[in-house]
file data_6.pdb (PDB, C-alpha atoms and all ligand atoms)
ATOM      1  CA  MET A   1      79.946  60.213 169.197  1.00  0.00           C
ATOM      2  CA  ASP A   2      76.800  60.961 167.254  1.00  0.00           C
ATOM      3  CA  PHE A   3      73.991  58.475 167.728  1.00  0.00           C
ATOM      4  CA  ALA A   4      71.657  60.250 165.353  1.00  0.00           C
ATOM      5  CA  ARG A   5      68.291  58.621 165.069  1.00  0.00           C
ATOM      6  CA  ARG A   6      65.141  58.819 163.028  1.00  0.00           C
ATOM      7  CA  GLY A   7      62.031  60.002 164.875  1.00  0.00           C
ATOM      8  CA  VAL A   8      59.160  57.777 165.954  1.00  0.00           C
ATOM      9  CA  MET A   9      55.554  58.077 164.806  1.00  0.00           C
ATOM     10  CA  LEU A  10      53.618  57.246 167.976  1.00  0.00           C
ATOM     11  CA  VAL A  11      49.937  56.532 167.391  1.00  0.00           C
ATOM     12  CA  ILE A  12      47.672  56.512 170.448  1.00  0.00           C
ATOM     13  CA  ALA A  13      44.117  55.318 169.952  1.00  0.00           C
ATOM     14  CA  SER A  14      41.312  54.720 172.397  1.00  0.00           C
ATOM     15  CA  PRO A  15      37.581  54.860 172.788  1.00  0.00           C
ATOM     16  CA  SER A  16      36.503  58.337 173.813  1.00  0.00           C
ATOM     17  CA  GLY A  17      36.871  58.712 177.597  1.00  0.00           C
ATOM     18  CA  ALA A  18      39.553  56.031 178.047  1.00  0.00           C
ATOM     19  CA  GLY A  19      42.191  58.673 178.739  1.00  0.00           C
ATOM     20  CA  LYS A  20      44.024  59.282 175.465  1.00  0.00           C
ATOM     21  CA  SER A  21      43.941  63.082 175.707  1.00  0.00           C
ATOM     22  CA  SER A  22      45.116  63.188 179.337  1.00  0.00           C
ATOM     23  CA  ILE A  23      47.954  60.774 178.588  1.00  0.00           C
ATOM     24  CA  SER A  24      49.001  62.798 175.516  1.00  0.00           C
ATOM     25  CA  ARG A  25      48.959  66.094 177.439  1.00  0.00           C
ATOM     26  CA  ALA A  26      51.119  64.664 180.217  1.00  0.00           C
ATOM     27  CA  LEU A  27      53.511  63.198 177.666  1.00  0.00           C
ATOM     28  CA  PHE A  28      53.981  66.588 175.947  1.00  0.00           C
ATOM     29  CA  ALA A  29      54.546  68.284 179.312  1.00  0.00           C
ATOM     30  CA  GLN A  30      57.268  65.787 180.243  1.00  0.00           C
ATOM     31  CA  ASP A  31      58.987  65.262 176.916  1.00  0.00           C
ATOM     32  CA  PRO A  32      59.794  68.215 174.611  1.00  0.00           C
ATOM     33  CA  ASN A  33      60.993  65.896 171.835  1.00  0.00           C
ATOM     34  CA  ILE A  34      57.484  64.717 170.971  1.00  0.00           C
ATOM     35  CA  ARG A  35      54.837  66.914 169.402  1.00  0.00           C
ATOM     36  CA  LEU A  36      51.311  66.445 168.138  1.00  0.00           C
ATOM     37  CA  SER A  37      50.939  66.089 164.382  1.00  0.00           C
ATOM     38  CA  VAL A  38      49.127  69.111 162.971  1.00  0.00           C
ATOM     39  CA  SER A  39      46.612  68.010 160.340  1.00  0.00           C
ATOM     40  CA  VAL A  40      45.324  70.016 157.422  1.00  0.00           C
ATOM     41  CA  THR A  41      41.565  70.508 157.190  1.00  0.00           C
ATOM     42  CA  THR A  42      39.092  72.172 154.882  1.00  0.00           C
ATOM     43  CA  ARG A  43      36.661  72.882 157.719  1.00  0.00           C
ATOM     44  CA  ALA A  44      36.205  76.485 158.822  1.00  0.00           C
ATOM     45  CA  ARG A  45      38.377  77.631 161.711  1.00  0.00           C
ATOM     46  CA  ARG A  46      36.557  77.919 165.032  1.00  0.00           C
ATOM     47  CA  THR A  47      37.042  81.181 166.914  1.00  0.00           C
ATOM     48  CA  ASP A  48      39.220  79.573 169.600  1.00  0.00           C
ATOM     49  CA  GLU A  49      41.487  77.821 167.082  1.00  0.00           C
ATOM     50  CA  ILE A  50      44.855  79.034 165.840  1.00  0.00           C
ATOM     51  CA  ASP A  51      45.876  78.399 162.234  1.00  0.00           C
ATOM     52  CA  GLY A  52      49.043  76.276 162.264  1.00  0.00           C
ATOM     53  CA  THR A  53      48.534  75.105 165.860  1.00  0.00           C
ATOM     54  CA  HIS A  54      45.232  73.248 165.939  1.00  0.00           C
ATOM     55  CA  TYR A  55      45.129  72.649 162.180  1.00  0.00           C
ATOM     56  CA  ASP A  56      46.510  74.109 159.002  1.00  0.00           C
ATOM     57  CA  PHE A  57      43.307  75.436 157.458  1.00  0.00           C
ATOM     58  CA  ILE A  58      43.238  74.991 153.682  1.00  0.00           C
ATOM     59  CA  ASP A  59      40.620  75.257 150.924  1.00  0.00           C
ATOM     60  CA  VAL A  60      39.156  72.305 149.015  1.00  0.00           C
ATOM     61  CA  PRO A  61      41.137  72.850 145.757  1.00  0.00           C
ATOM     62  CA  THR A  62      44.377  72.896 147.790  1.00  0.00           C
ATOM     63  CA  PHE A  63      43.330  69.682 149.548  1.00  0.00           C
ATOM     64  CA  GLU A  64      42.470  68.002 146.208  1.00  0.00           C
ATOM     65  CA  LYS A  65      45.781  69.042 144.711  1.00  0.00           C
ATOM     66  CA  MET A  66      47.706  67.677 147.712  1.00  0.00           C
ATOM     67  CA  ARG A  67      45.767  64.414 147.633  1.00  0.00           C
ATOM     68  CA  ASP A  68      46.148  63.936 143.870  1.00  0.00           C
ATOM     69  CA  ASN A  69      49.892  64.682 144.014  1.00  0.00           C
ATOM     70  CA  GLY A  70      50.417  61.987 146.668  1.00  0.00           C
ATOM     71  CA  GLU A  71      51.346  64.591 149.297  1.00  0.00           C
ATOM     72  CA  LEU A  72      49.122  63.045 152.001  1.00  0.00           C
ATOM     73  CA  LEU A  73      50.003  60.122 154.248  1.00  0.00           C
ATOM     74  CA  GLU A  74      46.355  59.627 155.118  1.00  0.00           C
ATOM     75  CA  TRP A  75      43.100  61.501 154.752  1.00  0.00           C
ATOM     76  CA  ALA A  76      39.436  61.238 155.706  1.00  0.00           C
ATOM     77  CA  GLU A  77      36.171  63.010 155.045  1.00  0.00           C
ATOM     78  CA  VAL A  78      34.328  63.717 158.306  1.00  0.00           C
ATOM     79  CA  HIS A  79      30.951  65.506 158.356  1.00  0.00           C
ATOM     80  CA  GLY A  80      31.583  66.862 154.835  1.00  0.00           C
ATOM     81  CA  ASN A  81      35.049  68.255 155.585  1.00  0.00           C
ATOM     82  CA  TYR A  82      38.422  66.852 154.631  1.00  0.00           C
ATOM     83  CA  TYR A  83      41.158  66.124 157.178  1.00  0.00           C
ATOM     84  CA  ALA A  84      44.619  64.871 156.329  1.00  0.00           C
ATOM     85  CA  THR A  85      48.206  64.341 157.419  1.00  0.00           C
ATOM     86  CA  PRO A  86      50.678  65.875 154.960  1.00  0.00           C
ATOM     87  CA  ARG A  87      53.721  63.764 154.155  1.00  0.00           C
ATOM     88  CA  ALA A  88      56.421  66.461 153.944  1.00  0.00           C
ATOM     89  CA  LYS A  89      56.141  67.839 157.474  1.00  0.00           C
ATOM     90  CA  VAL A  90      56.158  64.354 158.997  1.00  0.00           C
ATOM     91  CA  GLU A  91      59.169  63.311 156.925  1.00  0.00           C
ATOM     92  CA  ASP A  92      61.157  66.457 157.868  1.00  0.00           C
ATOM     93  CA  ARG A  93      60.489  65.942 161.547  1.00  0.00           C
ATOM     94  CA  LEU A  94      61.364  62.237 161.518  1.00  0.00           C
ATOM     95  CA  ALA A  95      64.547  62.934 159.570  1.00  0.00           C
ATOM     96  CA  SER A  96      65.629  65.448 162.202  1.00  0.00           C
ATOM     97  CA  GLY A  97      65.223  62.867 164.998  1.00  0.00           C
ATOM     98  CA  LYS A  98      62.043  64.294 166.491  1.00  0.00           C
ATOM     99  CA  ASP A  99      58.988  62.239 167.392  1.00  0.00           C
ATOM    100  CA  ILE A 100      55.374  62.846 166.426  1.00  0.00           C
ATOM    101  CA  LEU A 101      52.229  61.814 168.240  1.00  0.00           C
ATOM    102  CA  PHE A 102      49.172  60.982 166.128  1.00  0.00           C
ATOM    103  CA  ASP A 103      45.753  61.186 167.663  1.00  0.00           C
ATOM    104  CA  ILE A 104      43.915  59.497 164.796  1.00  0.00           C
ATOM    105  CA  ASP A 105      41.161  56.965 164.389  1.00  0.00           C
ATOM    106  CA  TYR A 106      41.417  53.391 163.186  1.00  0.00           C
ATOM    107  CA  GLN A 107      40.858  54.240 159.488  1.00  0.00           C
ATOM    108  CA  GLY A 108      43.654  56.803 159.626  1.00  0.00           C
ATOM    109  CA  THR A 109      45.932  54.322 161.398  1.00  0.00           C
ATOM    110  CA  LEU A 110      45.304  51.744 158.643  1.00  0.00           C
ATOM    111  CA  GLN A 111      46.382  54.233 155.978  1.00  0.00           C
ATOM    112  CA  LEU A 112      49.492  55.118 157.976  1.00  0.00           C
ATOM    113  CA  TYR A 113      50.272  51.389 158.310  1.00  0.00           C
ATOM    114  CA  GLU A 114      50.219  51.188 154.502  1.00  0.00           C
ATOM    115  CA  ASN A 115      52.485  54.185 154.014  1.00  0.00           C
ATOM    116  CA  CYS A 116      54.912  54.170 156.930  1.00  0.00           C
ATOM    117  CA  ARG A 117      54.650  51.017 159.049  1.00  0.00           C
ATOM    118  CA  ASP A 118      58.386  50.943 159.819  1.00  0.00           C
ATOM    119  CA  ASP A 119      58.297  54.372 161.447  1.00  0.00           C
ATOM    120  CA  MET A 120      55.243  53.630 163.592  1.00  0.00           C
ATOM    121  CA  VAL A 121      54.607  52.375 167.085  1.00  0.00           C
ATOM    122  CA  THR A 122      50.939  52.074 167.983  1.00  0.00           C
ATOM    123  CA  VAL A 123      49.253  51.969 171.385  1.00  0.00           C
ATOM    124  CA  PHE A 124      45.631  51.201 172.170  1.00  0.00           C
ATOM    125  CA  ILE A 125      44.243  52.444 175.492  1.00  0.00           C
ATOM    126  CA  LEU A 126      41.417  50.534 177.194  1.00  0.00           C
ATOM    127  CA  PRO A 127      39.346  51.716 180.152  1.00  0.00           C
ATOM    128  CA  PRO A 128      39.533  49.530 183.280  1.00  0.00           C
ATOM    129  CA  SER A 129      35.748  48.982 183.195  1.00  0.00           C
ATOM    130  CA  ILE A 130      32.641  50.304 181.476  1.00  0.00           C
ATOM    131  CA  ALA A 131      31.458  51.808 184.786  1.00  0.00           C
ATOM    132  CA  GLU A 132      34.684  53.818 184.897  1.00  0.00           C
ATOM    133  CA  LEU A 133      34.432  54.789 181.212  1.00  0.00           C
ATOM    134  CA  ARG A 134      30.901  56.067 181.785  1.00  0.00           C
ATOM    135  CA  ALA A 135      31.992  57.920 184.932  1.00  0.00           C
ATOM    136  CA  ARG A 136      34.827  59.622 182.995  1.00  0.00           C
ATOM    137  CA  LEU A 137      32.470  60.659 180.185  1.00  0.00           C
ATOM    138  CA  GLU A 138      30.031  62.039 182.768  1.00  0.00           C
ATOM    139  CA  ARG A 139      32.794  63.881 184.675  1.00  0.00           C
ATOM    140  CA  ARG A 140      33.808  65.648 181.472  1.00  0.00           C
ATOM    141  CA  ALA A 141      30.281  67.076 181.506  1.00  0.00           C
ATOM    142  CA  GLN A 142      30.648  68.040 177.852  1.00  0.00           C
ATOM    143  CA  ASP A 143      27.933  65.808 176.541  1.00  0.00           C
ATOM    144  CA  SER A 144      24.239  65.169 176.941  1.00  0.00           C
ATOM    145  CA  VAL A 145      23.055  61.791 178.246  1.00  0.00           C
ATOM    146  CA  GLY A 146      22.217  60.748 174.661  1.00  0.00           C
ATOM    147  CA  THR A 147      25.701  61.638 173.442  1.00  0.00           C
ATOM    148  CA  ILE A 148      27.302  59.672 176.256  1.00  0.00           C
ATOM    149  CA  GLU A 149      25.235  56.623 175.267  1.00  0.00           C
ATOM    150  CA  LYS A 150      26.347  57.120 171.644  1.00  0.00           C
ATOM    151  CA  ARG A 151      30.007  57.362 172.699  1.00  0.00           C
ATOM    152  CA  LEU A 152      29.626  54.127 174.678  1.00  0.00           C
ATOM    153  CA  ARG A 153      28.177  52.357 171.601  1.00  0.00           C
ATOM    154  CA  ASN A 154      31.052  53.741 169.497  1.00  0.00           C
ATOM    155  CA  ALA A 155      33.525  52.556 172.137  1.00  0.00           C
ATOM    156  CA  ARG A 156      32.290  49.023 171.593  1.00  0.00           C
ATOM    157  CA  LYS A 157      33.063  49.266 167.858  1.00  0.00           C
ATOM    158  CA  GLU A 158      36.445  50.889 168.377  1.00  0.00           C
ATOM    159  CA  MET A 159      37.479  48.108 170.781  1.00  0.00           C
ATOM    160  CA  ASP A 160      37.072  45.603 167.916  1.00  0.00           C
ATOM    161  CA  HIS A 161      40.440  46.829 166.619  1.00  0.00           C
ATOM    162  CA  TYR A 162      42.540  46.607 169.778  1.00  0.00           C
ATOM    163  CA  ALA A 163      44.464  43.592 168.432  1.00  0.00           C
ATOM    164  CA  GLU A 164      45.809  45.586 165.470  1.00  0.00           C
ATOM    165  CA  TYR A 165      47.916  47.814 167.711  1.00  0.00           C
ATOM    166  CA  ASP A 166      51.448  47.015 168.877  1.00  0.00           C
ATOM    167  CA  PHE A 167      50.808  47.734 172.564  1.00  0.00           C
ATOM    168  CA  VAL A 168      47.680  47.716 174.702  1.00  0.00           C
ATOM    169  CA  LEU A 169      47.348  49.551 178.020  1.00  0.00           C
ATOM    170  CA  VAL A 170      44.532  49.376 180.525  1.00  0.00           C
ATOM    171  CA  ASN A 171      44.389  52.909 181.881  1.00  0.00           C
ATOM    172  CA  GLU A 172      43.682  52.437 185.584  1.00  0.00           C
ATOM    173  CA  ASP A 173      45.947  55.186 186.820  1.00  0.00           C
ATOM    174  CA  LEU A 174      46.925  58.204 184.703  1.00  0.00           C
ATOM    175  CA  GLU A 175      50.458  58.623 186.060  1.00  0.00           C
ATOM    176  CA  ASP A 176      51.188  54.912 185.671  1.00  0.00           C
ATOM    177  CA  SER A 177      49.851  54.909 182.079  1.00  0.00           C
ATOM    178  CA  VAL A 178      51.956  57.960 181.168  1.00  0.00           C
ATOM    179  CA  GLN A 179      55.068  56.196 182.472  1.00  0.00           C
ATOM    180  CA  LYS A 180      54.185  53.112 180.432  1.00  0.00           C
ATOM    181  CA  VAL A 181      53.749  55.144 177.241  1.00  0.00           C
ATOM    182  CA  ARG A 182      57.093  56.826 177.967  1.00  0.00           C
ATOM    183  CA  SER A 183      58.709  53.390 178.280  1.00  0.00           C
ATOM    184  CA  ILE A 184      57.209  52.299 174.962  1.00  0.00           C
ATOM    185  CA  LEU A 185      58.554  55.470 173.336  1.00  0.00           C
ATOM    186  CA  ALA A 186      61.984  55.047 174.966  1.00  0.00           C
ATOM    187  CA  SER A 187      62.389  51.524 173.600  1.00  0.00           C
ATOM    188  CA  ALA A 188      61.056  52.527 170.164  1.00  0.00           C
ATOM    189  CA  ARG A 189      63.727  55.233 169.995  1.00  0.00           C
ATOM    190  CA  LEU A 190      66.373  52.543 170.444  1.00  0.00           C
ATOM    191  CA  GLY A 191      65.114  50.401 167.544  1.00  0.00           C
ATOM    192  CA  ARG A 192      68.030  49.323 165.384  1.00  0.00           C
ATOM    193  CA  THR A 193      66.551  50.634 162.136  1.00  0.00           C
ATOM    194  CA  ARG A 194      66.003  54.038 163.759  1.00  0.00           C
ATOM    195  CA  GLN A 195      69.626  54.514 164.687  1.00  0.00           C
ATOM    196  CA  THR A 196      70.914  55.939 161.455  1.00  0.00           C
ATOM    197  CA  ARG A 197      74.663  55.920 162.062  1.00  0.00           C
ATOM    198  CA  LEU A 198      75.139  52.449 163.535  1.00  0.00           C
ATOM    199  CA  ASP A 199      76.930  50.987 160.502  1.00  0.00           C
ATOM    200  CA  GLY A 200      79.702  53.567 160.645  1.00  0.00           C
ATOM    201  CA  PHE A 201      79.975  53.331 164.433  1.00  0.00           C
ATOM    202  CA  VAL A 202      80.327  49.538 164.428  1.00  0.00           C
ATOM    203  CA  ARG A 203      82.866  49.667 161.550  1.00  0.00           C
ATOM    204  CA  ASP A 204      84.865  52.175 163.564  1.00  0.00           C
ATOM    205  CA  LEU A 205      84.811  49.922 166.659  1.00  0.00           C
ATOM    206  CA  GLN A 206      85.967  47.013 164.492  1.00  0.00           C
ATOM    207  CA  SER A 207      88.765  48.967 162.868  1.00  0.00           C
ATOM    208  CA  GLN A 208      90.007  49.981 166.329  1.00  0.00           C
ATOM    209  CA  ILE A 209      90.241  46.274 167.145  1.00  0.00           C
ATOM    210  CA  ASP A 210      92.023  45.649 163.828  1.00  0.00           C
ATOM    211  CA  THR A 211      94.677  48.242 164.652  1.00  0.00           C
ATOM    212  CA  LEU A 212      95.443  46.395 167.896  1.00  0.00           C
ATOM    213  CA  GLY A 213      97.348  43.968 165.624  1.00  0.00           C
TER     214      GLY A 213
HETATM  215  P1  LIG B   1      37.112  68.347 164.485  1.00  0.00           P
HETATM  216  O1  LIG B   1      36.505  69.002 163.287  1.00  0.00           O
HETATM  217  O2  LIG B   1      36.154  68.233 165.615  1.00  0.00           O
HETATM  218  O3  LIG B   1      38.414  69.011 164.888  1.00  0.00           O
HETATM  219  O4  LIG B   1      37.512  66.856 164.057  1.00  0.00           O
HETATM  220  C1  LIG B   1      36.565  66.021 163.496  1.00  0.00           C
HETATM  221  C2  LIG B   1      37.125  64.635 163.299  1.00  0.00           C
HETATM  222  O5  LIG B   1      38.218  64.637 162.359  1.00  0.00           O
HETATM  223  C3  LIG B   1      37.691  64.006 164.572  1.00  0.00           C
HETATM  224  O6  LIG B   1      37.115  62.710 164.701  1.00  0.00           O
HETATM  225  C4  LIG B   1      39.164  63.890 164.304  1.00  0.00           C
HETATM  226  O7  LIG B   1      39.727  62.729 164.929  1.00  0.00           O
HETATM  227  C5  LIG B   1      39.240  63.769 162.806  1.00  0.00           C
HETATM  228  N1  LIG B   1      40.529  64.192 162.310  1.00  0.00           N
HETATM  229  C6  LIG B   1      41.228  65.304 162.640  1.00  0.00           C
HETATM  230  N2  LIG B   1      42.401  65.371 161.980  1.00  0.00           N
HETATM  231  C7  LIG B   1      42.472  64.251 161.211  1.00  0.00           C
HETATM  232  C8  LIG B   1      43.457  63.728 160.293  1.00  0.00           C
HETATM  233  O8  LIG B   1      44.523  64.297 160.038  1.00  0.00           O
HETATM  234  N3  LIG B   1      43.158  62.559 159.709  1.00  0.00           N
HETATM  235  C9  LIG B   1      42.013  61.876 159.962  1.00  0.00           C
HETATM  236  N4  LIG B   1      41.837  60.707 159.335  1.00  0.00           N
HETATM  237  N5  LIG B   1      41.058  62.340 160.803  1.00  0.00           N
HETATM  238  C10 LIG B   1      41.281  63.506 161.410  1.00  0.00           C
END
call {"tool": "encode", "arguments": {"input": "data_6.pdb", "output": "structure tokens", "more": "lines below"}}
Ligand code: 5GP
result
Amino acid sequence: MDFARRGVMLVIASPSGAGKSSISRALFAQDPNIRLSVSVTTRARRTDEIDGTHYDFIDVPTFEKMRDNGELLEWAEVHGNYYATPRAKVEDRLASGKDILFDIDYQGTLQLYENCRDDMVTVFILPPSIAELRARLERRAQDSVGTIEKRLRNARKEMDHYAEYDFVLVNEDLEDSVQKVRSILASARLGRTRQTRLDGFVRDLQSQIDTLG
């Protein structure tokens, strides 16, 4: 029996520090069927980045051609560089029954909603408290005090959109949150419209009943 299915586009969004990256990393480690979407960008490659892994690095004319030909599911200009999600790679992966995780902001999510709502399941991660969010940002020790304050102000704005996501998780415990995201993904995979051979399977069950006479 072949229960072929279409892949899921799983979007995880959160204010910076709420735990999105840790949850995504754990999810990839536990589930080989889901992979991070690789965006295209016109920004220069950093020395520690691998072309095709972190991004597909392209030039501006290539980006403009892709955009104008409708080859992008969503795109944004950030700090003077273009970033985008190409349609073809996503479509190929979904068609082969593999899932894709999108780590994109609210604007990107809105564009994906317009182009592929039926393939998407979206999750918004909240921190358990602002004290904990601040502590996580400080533990990362990547940012200056000013940057942490800026990230907290941004977090306030990002939280405005929590109600536009399908699922909301308060990330108190990493392992528990990972299990919850895995449950969301497991039920999304069973969605009726994702199971591409159901019609034939049900007809076959019915015809077996018919032959019983
Ligand atoms: P960075 O240059 O530091 O890798 O990324 C800069 C910003 O671009 C980040 O906020 C990141 O979320 C955003 N970004 C990366 N890829 C995409 C994409 O495919 N689409 C959109 N809309 N934003 C992206």
call {"tool": "closest_residue", "arguments": {"input": "data_6.pdb", "among": "A:Arg192, A:Arg136, A:Arg6, A:Arg43", "to": "Gly97 (chain A)", "atoms": "only C-alpha atoms"}}
result
A:Arg6
call {"tool": "residues_near_ligand", "arguments": {"input": "data_6.pdb", "ligand": "ligand LIG 1 (chain B)", "cutoff": "8 Å", "atoms": "all atoms listed in the file", "output": "list in words"}}
result
Ser37, Val38, Ser39, Val40, Thr41, Arg43, Tyr55, Glu74, Trp75, Ala76, Glu77, Val78, His79, Asn81, Tyr83, Ala84, Thr85, Asp103, Ile104, Asp105, Gln107, Gly108 and Thr109 of chain A
call {"tool": "resolve_selection", "arguments": {"input": "data_6.pdb", "expression": "the PyMOL selection byres (((chain A and resi 146-161) around 8) and not hetatm)", "output": "list of chain:residue names"}}
result
A:Ser14, A:Pro15, A:Ser16, A:Tyr106, A:Leu126, A:Arg134, A:Leu137, A:Glu138, A:Asp143, A:Ser144, A:Val145, A:Tyr162, A:Ala163, A:Glu164, A:Tyr165
call {"tool": "closest_residue", "arguments": {"input": "data_6.pdb", "among": "A:Asn33, A:Thr193, A:Ser177, A:Gln208", "to": "Asp119 (chain A)", "atoms": "all atoms listed in the file"}}
result
A:Thr193
call {"tool": "residues_around", "arguments": {"input": "data_6.pdb", "residues": "Gly19 (chain A)", "least_positions_apart": "3", "cutoff": "8 Å", "atoms": "all atoms listed in the file", "output": "number ranges by chain"}}
result
A: 14, 16, 22-23, 125, 127, 171, 174
call {"tool": "atom_distance", "arguments": {"input": "data_6.pdb", "atom1": "CA of Ser21 (chain A)", "atom2": "CA of Met9 (chain A)"}}
result
16.7 Å
call {"tool": "resolve_selection", "arguments": {"input": "data_6.pdb", "expression": "the PyMOL selection byres (((chain A and resi 95) around 10) and not hetatm)", "output": "VMD selection string"}}
result
chain A and resid 4 to 8 89 to 94 96 to 99 194 196
call {"tool": "closest_residue", "arguments": {"input": "data_6.pdb", "among": "A:Leu205, A:Gln195, A:Ile100, A:Lys65", "to": "Phe28 (chain A)", "atoms": "all atoms listed in the file"}}
result
A:Ile100
call {"tool": "atom_distance", "arguments": {"input": "data_6.pdb", "atom1": "CA of Thr122 (chain A)", "atom2": "CA of Arg182 (chain A)"}}
result
12.7 Å
call {"tool": "closest_residue", "arguments": {"input": "data_6.pdb", "among": "A:Leu73, A:Leu133, A:Ala141, A:Val170", "to": "Asn115 (chain A)", "atoms": "all atoms listed in the file"}}
result
A:Leu73
call {"tool": "atom_distance", "arguments": {"input": "data_6.pdb", "atom1": "CA of Asp59 (chain A)", "atom2": "CA of Thr42 (chain A)"}}
result
5.2 Å
call {"tool": "axis_aligned_box", "arguments": {"input": "data_6.pdb", "around": "region 120-138 of chain A", "padding_each_side": "8 Å", "output": "AutoDock Vina command-line options"}}
result
--center_x 42.6 --center_y 55.5 --center_z 174.3 --size_x 41.2 --size_y 29.1 --size_z 37.3
call {"tool": "closest_residue", "arguments": {"input": "data_6.pdb", "among": "A:Met120, A:Val178, A:Arg67, A:Leu110", "to": "Lys20 (chain A)", "atoms": "only C-alpha atoms"}}
result
A:Val178
call {"tool": "closest_residue", "arguments": {"input": "data_6.pdb", "among": "A:Val168, A:Ala44, A:Ile130, A:Val121", "to": "Gly191 (chain A)", "atoms": "all atoms listed in the file"}}
result
A:Val121
call {"tool": "build_atoms", "arguments": {"input": "data_6.pdb", "residues": "region 164-170 of chain A", "atoms": "all heavy atoms", "output": "short mmCIF file (atom, residue, chain, number, x, y, z; two decimals), in the frame of the given file"}}
result
data_model
loop_
_atom_site.label_atom_id
_atom_site.label_comp_id
_atom_site.auth_asym_id
_atom_site.auth_seq_id
_atom_site.Cartn_x
_atom_site.Cartn_y
_atom_site.Cartn_z
N GLU A 164 44.98 45.13 166.60
CA GLU A 164 45.81 45.59 165.47
C GLU A 164 46.85 46.62 165.89
O GLU A 164 47.56 47.17 165.06
CB GLU A 164 44.91 46.13 164.37
CG GLU A 164 44.18 44.98 163.68
CD GLU A 164 42.91 45.43 163.00
OE1 GLU A 164 43.02 46.01 161.93
OE2 GLU A 164 41.82 45.21 163.57
N TYR A 165 46.93 46.86 167.20
CA TYR A 165 47.92 47.81 167.71
C TYR A 165 49.09 47.05 168.34
O TYR A 165 48.93 45.92 168.79
CB TYR A 165 47.24 48.76 168.72
CG TYR A 165 46.30 49.72 168.02
CD1 TYR A 165 45.06 49.30 167.56
CD2 TYR A 165 46.69 51.03 167.74
CE1 TYR A 165 44.20 50.15 166.87
CE2 TYR A 165 45.84 51.89 167.07
CZ TYR A 165 44.61 51.46 166.63
OH TYR A 165 43.78 52.29 165.93
N ASP A 166 50.25 47.70 168.37
CA ASP A 166 51.45 47.02 168.88
C ASP A 166 51.38 46.80 170.38
O ASP A 166 51.84 45.79 170.90
CB ASP A 166 52.70 47.85 168.58
CG ASP A 166 52.91 48.07 167.10
OD1 ASP A 166 52.60 47.14 166.33
OD2 ASP A 166 53.38 49.16 166.72
N PHE A 167 50.85 47.79 171.10
CA PHE A 167 50.81 47.73 172.56
C PHE A 167 49.39 48.05 173.02
O PHE A 167 48.69 48.84 172.38
CB PHE A 167 51.76 48.78 173.19
CG PHE A 167 53.21 48.50 172.91
CD1 PHE A 167 53.83 49.01 171.78
CD2 PHE A 167 53.95 47.70 173.78
CE1 PHE A 167 55.16 48.75 171.52
CE2 PHE A 167 55.29 47.43 173.52
CZ PHE A 167 55.90 47.96 172.39
N VAL A 168 49.00 47.43 174.13
CA VAL A 168 47.68 47.72 174.70
C VAL A 168 47.86 48.03 176.19
O VAL A 168 48.56 47.31 176.90
CB VAL A 168 46.72 46.51 174.54
CG1 VAL A 168 45.37 46.81 175.17
CG2 VAL A 168 46.54 46.18 173.06
N LEU A 169 47.26 49.13 176.61
CA LEU A 169 47.35 49.55 178.02
C LEU A 169 45.96 49.64 178.60
O LEU A 169 45.06 50.19 177.96
CB LEU A 169 47.90 50.98 178.11
CG LEU A 169 49.37 51.26 177.98
CD1 LEU A 169 49.61 52.73 178.28
CD2 LEU A 169 50.12 50.40 178.97
N VAL A 170 45.78 49.14 179.80
CA VAL A 170 44.53 49.38 180.52
C VAL A 170 44.79 50.57 181.44
O VAL A 170 45.66 50.51 182.31
CB VAL A 170 44.11 48.13 181.33
CG1 VAL A 170 42.83 48.42 182.12
CG2 VAL A 170 43.90 46.95 180.40
#
